[in-house]
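Asker: A single structure is presented below for examination.
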Amino acid sequence: MTEFIQTLVLSLLVGGIYALVASGLTLIFGVMRVINIAHGAFLILGAFIAYTWWNQLGLDPLVGVVITTPIVFGLGWLIYRLLVRPIRHAPMSSTVLLTFGLALVTEGVMGVIWGNDSTSINPSYVDQSFHVGGVFLPKAQVYGGALAVVVLVVLWLILTKTWLGRAIRAAAANPASAELVGIKVTSVAAVVFGLGLAAAGAGGAITGVLYPFLPGSHYLWIARLLAIVVLGGLGSIEGAVISAMIFGLAETVTAVYISPAWATAVPYAIVFAVLLIRPQGLLGTRLRDDAVAT
Amino acid sequence: MNATTAEESAGHRSGFDLIWVGRLIAVVAGALLLLYPVLSDNLYYQNMIILSLVFAIAASGLSIITGLAGYVSLGQGAFIGLGGYTVGILATRHPDTSVWLWVPLAGVTAAAVALILGFVALRARGPSFVIITVAFLFLVQVIAINWRSLTGGTEGLSLPIPTWSRDIANWPFYYTLVGILALQLLLTWWIRRTKLGTGLVAIREDETKAATVGINLPVEKIIAFVASSVLVGMAGGVYGYYLTFIDPRGMFNILLSVETMLALLVGGKATLWGPVLGAFIVEPLNEYANNNLGGGNTRLLLFGGLLIAIVLFLPQGVLPAVESLVNWVRTRGKAGLVGARIGTGGSLSALTERLSLVERDPAVDPPPLLEVKDLHKAFGGLKAVDGASLVVPEGSITGLIGPNGSGKTTLFNLIDHTIHADSGEIWLAGERIDRLSSWSRAHRGLGRTFQITRLFREMTVLENVVAAQRSFSWGQLGRIAVSGAEARAAEDLLEYVGMRAFRDQKARALSYGQQKLVELAQVLMLDPRLILLDEPAGGINPVLIDRMSEMIRELNSYGKTFLIVEHNMPFVLGLCDPVHVLGRGRTMASGTPAEIQKDPAVVDAYLGDDFVLESADAAAPQEASS
Amino acid sequence: MSHVSIRHGWKAVALAGVMSLGLAACGGGSSSGGSGSSDTLSIGASLPLTGDFSEPGSAAKQGYQVWQQLVNANGGLLGKQVKLVIKDDASNQNTIVSDYNALISQDNVDMLLGTFSSLLNLPASSVAEKNQMLYVEPAGGSPDMFNRGYKYLFFAQQATADKQGLVFADWVKSLPPSQRPKTAAYPTLDDPFAAPNVDGIRQVLEAAGIKTVYKTTYAIDTKNFDSIVAAMKSANPDLVVHGATFEDGVGLTRAMLKSGWTPKMFYETSTPSFADQYTKAVGAGNTEGVMYAVSYSPETDTPGNKEFVAEYKKMFHTAIPPEDAADAYAAAQVMQAAVEAVGSIDDQLKLADWLRSHTVDTILGPLSWDDTGAPQGQFLIGQWLNGTAEIVLPPNVATAKPEVGWHPSGS
């Protein structure tokens, strides 16, 4: 029983971080119908930036999120302006290929700057845990999970309580009408792309404390993130949060009760199953261009 | 873009002297490729060409599903791996049998897996499809890692070292791959010319529309899947033998898929030779980056940067870019064909071979051809069609009118299954069809044009017409579409609607009225019993409106039944009998034009102000160009 | 219509043809102007300098470079200066095949040296075999390497992976009952090197009556070890034998520390042999008592070791050379011994035959091989004691006595 509760707690802590990163990916898709394959690469970039603050200035990587996030936001804004905007009317597959290229370039750039060795961030509390009953709660995971929730809430407030948020939701629902009421959809999209990547960057700073990383780690992340947003329903942030929790649980339970070797298969199996049974995901709406009646 | 079309239009304008220059260079180049191992024993370049050949085969296969059908796959590398594993597993279990025997089986394995993937992927489109192909690749990899007893797990499988003379060590690999590439190109070339090929391009251009002109989507997509993988599996088998060692991380590396995709994009995704050219650009570049630019990270920057640059600046690839440059230079200053006049139209009697005639006995009341019973469709809370029922008698020209938003187009969409009905029944010629797919309805004699024309924009006018498939048979898929009987039939129909002069124009270059005529020819290619026309007179000039009603009458006199949605009241009331009136998603009234005009409810709800307005609209020419 | 499309088709072939012409020209050019000049001997290797195996790959490169430095300082090989040609295969199999083909045909190297990891050595060694060139590899201990009947392949460590932990297993077996673990857990990376190593130990210990309470294999991209540790914690074994490379070894160690549970004894492959990198990653205080199989110790007085350590320090400013650098150095020593004994490199089968029938002294100790090229020696067992990596087994080469128990300062 303790083992089961332990498993449950660990998976929820991981799930919170997945939720943060995946919500960025699904937000981008919701507004601009772009599947950002480079999302995982920007997560790793966030981790490397956090590492640099920690290593050079002794800044706590989790506190460093305050600096990391705006940097990645700016980068995202710039990337949208330079690369994504010119092809916003192209077929979706073009943007998939573009962002795939972006992922490779980002991986290469990180390799040149930080090297291709495995890197870890080790603040003082990294090997400590809170112990509740027989269950251990690793401090890094608890702080990281809490921070992820805070960032998620901030994101949610931006989307629901601000003018910007209303503009974003209008642009997502109906770009043409949004233009009519004076919303510059491309400007909104640039902000959204920045926000989405910033979520990945913040998530990267957190996961960098939890697990070692190297530039090539992004494949693993993008596979997971895609599985999460597909399960949650492309474009649905609530769906992404719920499915991130489910996903964290499925992964951990598979690792503990079946075999860690098969845990890596979980994302791919989920993608297959979801697209086969319910292509619109848990909370997504069916996109005209997304699913075909057969 | 579709290369056949560009080739044709270029061909019509240029002389034939260049053909021989091209052929000469080609023969020399082909001979050089064949002779290279004999001329030079440089293993480095032999290795480079061998890898390029593998990627050329993979990319050429990919061009079927991605270039023609428009489904972007990042899982193509999996078929190389599956082929490699088939050969590896069989070769290690049967050490005394020649490894080459297993190569065809590698193709079979790849095809079988492609078939399964095809079924799984049927429901996905656009980005979902890309995701599913990536997931597929990784899933196969995880299975290869964990199914130890079969695959040897991460330790991989070692194949026997070749026993033949060291002097010709690479020759068998080299020439087998050249042979497979030749087969792959032949297959790709052949598919492009068949009904299957035009069907795939139609799917790429507009999948929903493709279904309404009789294209069996799942079957054609699955065939495309299998065709794009079978020879790739064989190449993977040869590749695995060449490496003499295979393991899951190498054989199912996503970079193999990326390099394949890159080769396809660089060369030109919808061209025959583009993928080959692309592979012979990308792989040498890869080797160069690795040997001279420091490998690893440089290669990532190169591949990633190239992918971005291609998507942004050269989305069509090198070969089409060269082609359009050449065409531009040649045709500079010459007028295009778009301004040409629409033909006066041919006689329908010439078409009796193409269109089946229905003889009617005027004394007997015609039986209903189409019956719609209590059809419902809601979009969220909005009941677009709410219990509509109507009958179209055999041999009639039935009109369907109603105010904007009364559900006319939605009803059409339900009848041809562009949208799935919530409830209700649809009967065609005594057969219930509401559970059938769009293409099955088309095969049973239902043809339909769209309010805003939906031609396949990147296909030529002729290709648009031959794309229609009036029945489904495996044999028909293999029939050559772009020449021969099919093309002649299409040309006759184009002659009839007056669009023959435009046969080699891209559909997107036509004016709106011209598109309406081509869409009619396209539907006639189905030889339908019932033709649904959605606003045939909308947005075209009065001359064309007259020609349109003349053609409808003529076709009707040969036995074709029509159901017409139209706002142009004089057009409808002059042409149709009976007329159904739709209001708020249900049938308000039915009768002869005279009865409808007198029906107080109809006049009140609809005809009143609108009547005058619509007539005035129709009188003003809205289109000047044609 | 058909003739028109063929026209464009031919144009494309023509383009491809022009490319092959270009290739042919390049080929001609470089094979005539290659590097086969008479006063240098070029030696080629491709190493994983980026990608999954970049850590050990870079160390191996250092080992080769130290050897080049020392050989050239001592008058070279066969009287010629040695020139290394090192490529980066990015831990990628088709790249390594291209690389070794390029080394042989493009760079015209005179001799080859191996690469790092079994996964890369498997395909690379078959290129060497096809081209009948001697292939001494520093790190590819998978038993699979040597059941292929290759004639030119030699492994320059003391034992293949499945036999590397046997000295440790025998020692555990011989412990007095009070100290001897009663239960054991065997998590391992799914890797052709780590997994056989752990399996070999498990078989010996199970036969000796030590109960296996947990056993699992995880994939190479596993980053989250909390679930494995949670499962081990509830099984609570006395001994954990972990098959790891580097990153995963650090990950599992840290996950155990976080969970507040650590086994009484801890053995781990590879990771603890990464000297400074290891202590930095897990924290110096947490290394106390960790045991591992290792091919090399900087402390031993094998012939040439002092020169190697000194030169390594001079070149790379690090006091302790990592094991992979030493292994690479030893591989080069083996190749060098064969070349010097035979006196010519023209027929490399002679070099291989010589190695099969002789013992070579290296900084790892004396090495000898059976007919398949698999080494016939005993591995060393190291242990971290008071912040230093010591060799504790076998006793004849030990620098310290083995201590029972892992005592991380974190717990």
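Just remember, in the structure tokens the first chain shown is A, the second B, etc., residues are 1-based per chain, and ligands are 1-based in the order shown.
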Report as a Markdown table: every residue of chain B with an atom at most 8 Å from chain A, its closest pair of atoms, and their distance in Å to one decimal, counting only C-alpha atoms, with rows sorted by chain and ascending residue number.
Answerer:
| residue | atom | partner | partner_atom | distance |
| --- | --- | --- | --- | --- |
| B:Val72 | CA | A:Ser93 | CA | 6.3 |
| B:Val120 | CA | A:Leu276 | CA | 6.3 |
| B:Ala121 | CA | A:Leu276 | CA | 7.7 |
| B:Leu122 | CA | A:Thr294 | CA | 7.1 |
| B:Arg123 | CA | A:Val292 | CA | 5.2 |
| B:Ala124 | CA | A:Ala291 | CA | 5.1 |
| B:Arg125 | CA | A:Asp290 | CA | 5.0 |
| B:Gly126 | CA | A:Asp290 | CA | 5.9 |
| B:Pro127 | CA | A:Ser93 | CA | 6.2 |
| B:Ser128 | CA | A:Asp290 | CA | 6.5 |
| B:Val130 | CA | A:Ser93 | CA | 7.5 |
| B:Ile131 | CA | A:Leu226 | CA | 7.4 |
| B:Ile132 | CA | A:Phe272 | CA | 6.5 |
| B:Ala135 | CA | A:Tyr268 | CA | 4.8 |
| B:Phe136 | CA | A:Tyr268 | CA | 7.0 |
| B:Phe138 | CA | A:Tyr268 | CA | 6.9 |
| B:Leu139 | CA | A:Tyr268 | CA | 5.8 |
| B:Val142 | CA | A:Ala265 | CA | 6.1 |
| B:Asn146 | CA | A:Ala261 | CA | 7.2 |
| B:Leu217 | CA | A:Thr294 | CA | 7.7 |
| B:Pro218 | CA | A:Thr294 | CA | 6.9 |
| B:Gly296 | CA | A:Gly108 | CA | 7.9 |
| B:Asn297 | CA | A:Gly108 | CA | 4.5 |
| B:Thr298 | CA | A:Gly108 | CA | 6.7 |
| B:Arg299 | CA | A:Gly108 | CA | 7.8 |
| B:Leu300 | CA | A:Gly108 | CA | 5.2 |
| B:Leu301 | CA | A:Val105 | CA | 4.7 |
| B:Leu302 | CA | A:Val105 | CA | 7.7 |
| B:Phe303 | CA | A:Gly101 | CA | 7.1 |
| B:Gly304 | CA | A:Gly101 | CA | 3.8 |
| B:Gly305 | CA | A:Gly101 | CA | 6.2 |
| B:Leu306 | CA | A:Gly101 | CA | 7.5 |
| B:Leu307 | CA | A:Gly101 | CA | 5.1 |
| B:Ile308 | CA | A:Leu98 | CA | 5.0 |
| B:Val311 | CA | A:Leu98 | CA | 6.2 |
| B:Leu312 | CA | A:Ile87 | CA | 6.9 |
| B:Ser437 | CA | A:Thr294 | CA | 7.7 |
Asker: Within 9 Å of chain A, which residues of chain C show up when using only C-alpha atoms, listed as a PyMOL selection string?
Answerer: chain C and resi 49-55+189-190+216-228+230-231+233-234+246-248+250-251+254-260+281-282+410
Asker: Can you list every residue in region 132-282 of chain B that DSSP puts in strand (DSSP E), as a PyMOL selection string?
Answerer: chain B and resi 157-158+245-246
Asker: Limited to C-alpha atoms, could you put the picked residues into a file as an mmCIF file, in the first residue's frame?
Answerer:
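Final output, out10.cif:
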data_model
loop_
_atom_site.group_PDB
_atom_site.id
_atom_site.type_symbol
_atom_site.label_atom_id
_atom_site.label_comp_id
_atom_site.auth_asym_id
_atom_site.auth_seq_id
_atom_site.Cartn_x
_atom_site.Cartn_y
_atom_site.Cartn_z
ATOM 1 C CA LEU B 157 21.985 -8.781 -34.749
ATOM 2 C CA SER B 158 25.198 -9.485 -36.605
ATOM 3 C CA PHE B 245 25.066 -5.242 -38.020
ATOM 4 C CA ILE B 246 21.675 -3.915 -37.076
#
Asker: Between C:Arg202, C:Lys80, C:Arg148, C:Arg180, which one has atoms that come closest to chain B, using only C-alpha atoms?
Answerer: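 For chain B, the nearest of the given residues is C:Arg148.
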Asker: Which neighbours of Ser42 (chain C) fall inside 9 Å, counting only C-alpha atoms, when residues of the same chain fewer than 4 positions from it are skipped, and could you give them as a list of chain:residue names?
Answerer: C:Ser35, C:Gly36, C:Gln81, C:Val82, C:Lys83, C:Leu84, C:Val85, C:Asp107, C:Asn108, C:Val109, C:Asp110, C:Met111, C:Leu112
Asker: Find the distance between CA of Lys383 (chain B) and CA of Val602 (chain B) and write it in Å to one decimal.
Answerer: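 A separation of 20.4 Å between them.
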Asker: Please provide as a PyMOL selection string all residues within 9 Å of Val151 (chain A), with the sequence filter that same-chain residues fewer than 5 positions apart are discarded (counting only C-alpha atoms).
Answerer: chain A and resi 20+146+156+199+202
Asker: Which residues come within 7 Å of Asn42 (chain B), counting only C-alpha atoms, excluding same-chain residues fewer than 2 positions away, as a PyMOL selection string?
Answerer: (chain B and resi 40+44-46) or (chain C and resi 27+105)
Asker: What separation in Å, quoted to one decimal, exists between CA of Pro263 (chain C) and CA of Pro394 (chain C)?
Answerer: 23.7 Å
Asker: Counting only C-alpha atoms, what is within 9 Å of region 163-166 of chain C, bar same-chain residues fewer than 3 positions away, as a list in words?
Answerer: Gln158, Ala159, Thr160, Ala169, Asp170, Trp171, Pro196, Asn197, Val198, Gly200, Ile201, Val204, Thr269, Tyr292, Ala293, Val294, Ser295, Gln378, Phe379, Leu380 and Ile381 of chain C
Asker: Selection from above, N, CA and C atoms, as an mmCIF file, in the first residue's frame, can you write it?
Answerer:
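As written to disk, result_33.cif reads:
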data_model
loop_
_atom_site.group_PDB
_atom_site.id
_atom_site.type_symbol
_atom_site.label_atom_id
_atom_site.label_comp_id
_atom_site.auth_asym_id
_atom_site.auth_seq_id
_atom_site.Cartn_x
_atom_site.Cartn_y
_atom_site.Cartn_z
ATOM 1 N N GLN C 158 40.730 -6.637 -20.076
ATOM 2 C CA GLN C 158 41.067 -7.939 -19.502
ATOM 3 C C GLN C 158 40.017 -9.011 -19.732
ATOM 4 N N ALA C 159 38.739 -8.630 -19.854
ATOM 5 C CA ALA C 159 37.693 -9.652 -19.975
ATOM 6 C C ALA C 159 36.476 -9.060 -20.672
ATOM 7 N N THR C 160 35.672 -9.924 -21.286
ATOM 8 C CA THR C 160 34.422 -9.453 -21.900
ATOM 9 C C THR C 160 33.402 -9.141 -20.796
ATOM 10 N N ALA C 169 31.734 -10.883 -7.586
ATOM 11 C CA ALA C 169 30.760 -11.879 -7.139
ATOM 12 C C ALA C 169 31.431 -12.926 -6.245
ATOM 13 N N ASP C 170 32.626 -13.359 -6.661
ATOM 14 C CA ASP C 170 33.330 -14.359 -5.856
ATOM 15 C C ASP C 170 33.675 -13.812 -4.476
ATOM 16 N N TRP C 171 34.013 -12.533 -4.452
ATOM 17 C CA TRP C 171 34.363 -11.913 -3.168
ATOM 18 C C TRP C 171 33.131 -11.853 -2.248
ATOM 19 N N PRO C 196 25.022 -7.771 -19.643
ATOM 20 C CA PRO C 196 25.730 -9.047 -19.405
ATOM 21 C C PRO C 196 26.584 -8.999 -18.138
ATOM 22 N N ASN C 197 27.139 -7.838 -17.856
ATOM 23 C CA ASN C 197 27.946 -7.659 -16.660
ATOM 24 C C ASN C 197 27.125 -7.998 -15.410
ATOM 25 N N VAL C 198 25.933 -7.392 -15.317
ATOM 26 C CA VAL C 198 25.058 -7.616 -14.170
ATOM 27 C C VAL C 198 24.565 -9.057 -14.146
ATOM 28 N N GLY C 200 26.034 -11.714 -15.262
ATOM 29 C CA GLY C 200 27.104 -12.606 -14.829
ATOM 30 C C GLY C 200 27.183 -12.654 -13.311
ATOM 31 N N ILE C 201 27.080 -11.496 -12.670
ATOM 32 C CA ILE C 201 27.141 -11.429 -11.203
ATOM 33 C C ILE C 201 25.928 -12.130 -10.599
ATOM 34 N N VAL C 204 26.107 -15.944 -10.421
ATOM 35 C CA VAL C 204 26.989 -16.451 -9.371
ATOM 36 C C VAL C 204 26.321 -16.306 -8.001
ATOM 37 N N THR C 269 28.295 -0.591 -12.463
ATOM 38 C CA THR C 269 29.268 -0.636 -13.562
ATOM 39 C C THR C 269 29.554 0.779 -14.054
ATOM 40 N N TYR C 292 32.924 -1.090 -8.047
ATOM 41 C CA TYR C 292 32.706 -1.118 -9.491
ATOM 42 C C TYR C 292 33.781 -1.951 -10.175
ATOM 43 N N ALA C 293 33.455 -2.432 -11.338
ATOM 44 C CA ALA C 293 34.445 -3.142 -12.134
ATOM 45 C C ALA C 293 35.213 -2.120 -12.941
ATOM 46 N N VAL C 294 36.497 -2.324 -13.052
ATOM 47 C CA VAL C 294 37.290 -1.331 -13.764
ATOM 48 C C VAL C 294 38.474 -2.038 -14.421
ATOM 49 N N SER C 295 38.867 -1.498 -15.548
ATOM 50 C CA SER C 295 39.975 -2.142 -16.244
ATOM 51 C C SER C 295 41.311 -1.525 -15.834
ATOM 52 N N GLN C 378 41.650 -11.273 -16.000
ATOM 53 C CA GLN C 378 40.760 -10.997 -14.886
ATOM 54 C C GLN C 378 40.569 -9.506 -14.753
ATOM 55 N N PHE C 379 39.331 -9.100 -14.488
ATOM 56 C CA PHE C 379 39.048 -7.680 -14.344
ATOM 57 C C PHE C 379 39.425 -7.194 -12.949
ATOM 58 N N LEU C 380 39.567 -5.906 -12.830
ATOM 59 C CA LEU C 380 39.837 -5.329 -11.520
ATOM 60 C C LEU C 380 38.528 -4.875 -10.895
ATOM 61 N N ILE C 381 38.500 -4.851 -9.563
ATOM 62 C CA ILE C 381 37.360 -4.276 -8.866
ATOM 63 C C ILE C 381 37.863 -3.066 -8.084
#
Asker: What lies within 6 Å of region 316-327 of chain C using only C-alpha atoms, ignoring chain neighbours under 6 positions off, as a list in words?
Answerer: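 The residues that qualify are Pro56, Ala59, Ala60, Gln62, Gly63, Pro138, Phe274 and Tyr296 of chain C.
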Asker: Could you build a table of the residues in region 224-303 of chain B lying no more than 6 Å from region 57-69 of chain B, giving for each the nearest pair of atoms and their separation in Å rounded to one decimal place, using only C-alpha atoms, ordered by chain and ascending residue number, as JSON lines?
Answerer:
{"residue": "B:Ala224", "atom": "CA", "partner": "B:Ile65", "partner_atom": "CA", "distance": 5.6}
{"residue": "B:Ser228", "atom": "CA", "partner": "B:Gly61", "partner_atom": "CA", "distance": 4.1}
{"residue": "B:Val232", "atom": "CA", "partner": "B:Ala58", "partner_atom": "CA", "distance": 5.2}
{"residue": "B:Thr260", "atom": "CA", "partner": "B:Ala59", "partner_atom": "CA", "distance": 5.2}
{"residue": "B:Leu264", "atom": "CA", "partner": "B:Ala59", "partner_atom": "CA", "distance": 5.3}
{"residue": "B:Lys269", "atom": "CA", "partner": "B:Gly67", "partner_atom": "CA", "distance": 4.7}
{"residue": "B:Ala270", "atom": "CA", "partner": "B:Gly67", "partner_atom": "CA", "distance": 4.3}
{"residue": "B:Pro275", "atom": "CA", "partner": "B:Ala59", "partner_atom": "CA", "distance": 5.3}
Asker: Can you measure CA of Asp39 (chain C) to CA of Gly79 (chain C) for me? One decimal in Å is fine.
Answerer: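 Pair CA of Asp39 (chain C) / CA of Gly79 (chain C) returns 8.1 Å.
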Asker: Check region 225-395 of chain B with DSSP on the backbone and list each residue it calls alpha helix (DSSP H), as a VMD selection string.
Answerer: chain B and resid 225 to 227 230 to 243 248 to 251 254 to 267 274 to 292 296 to 313 318 to 331
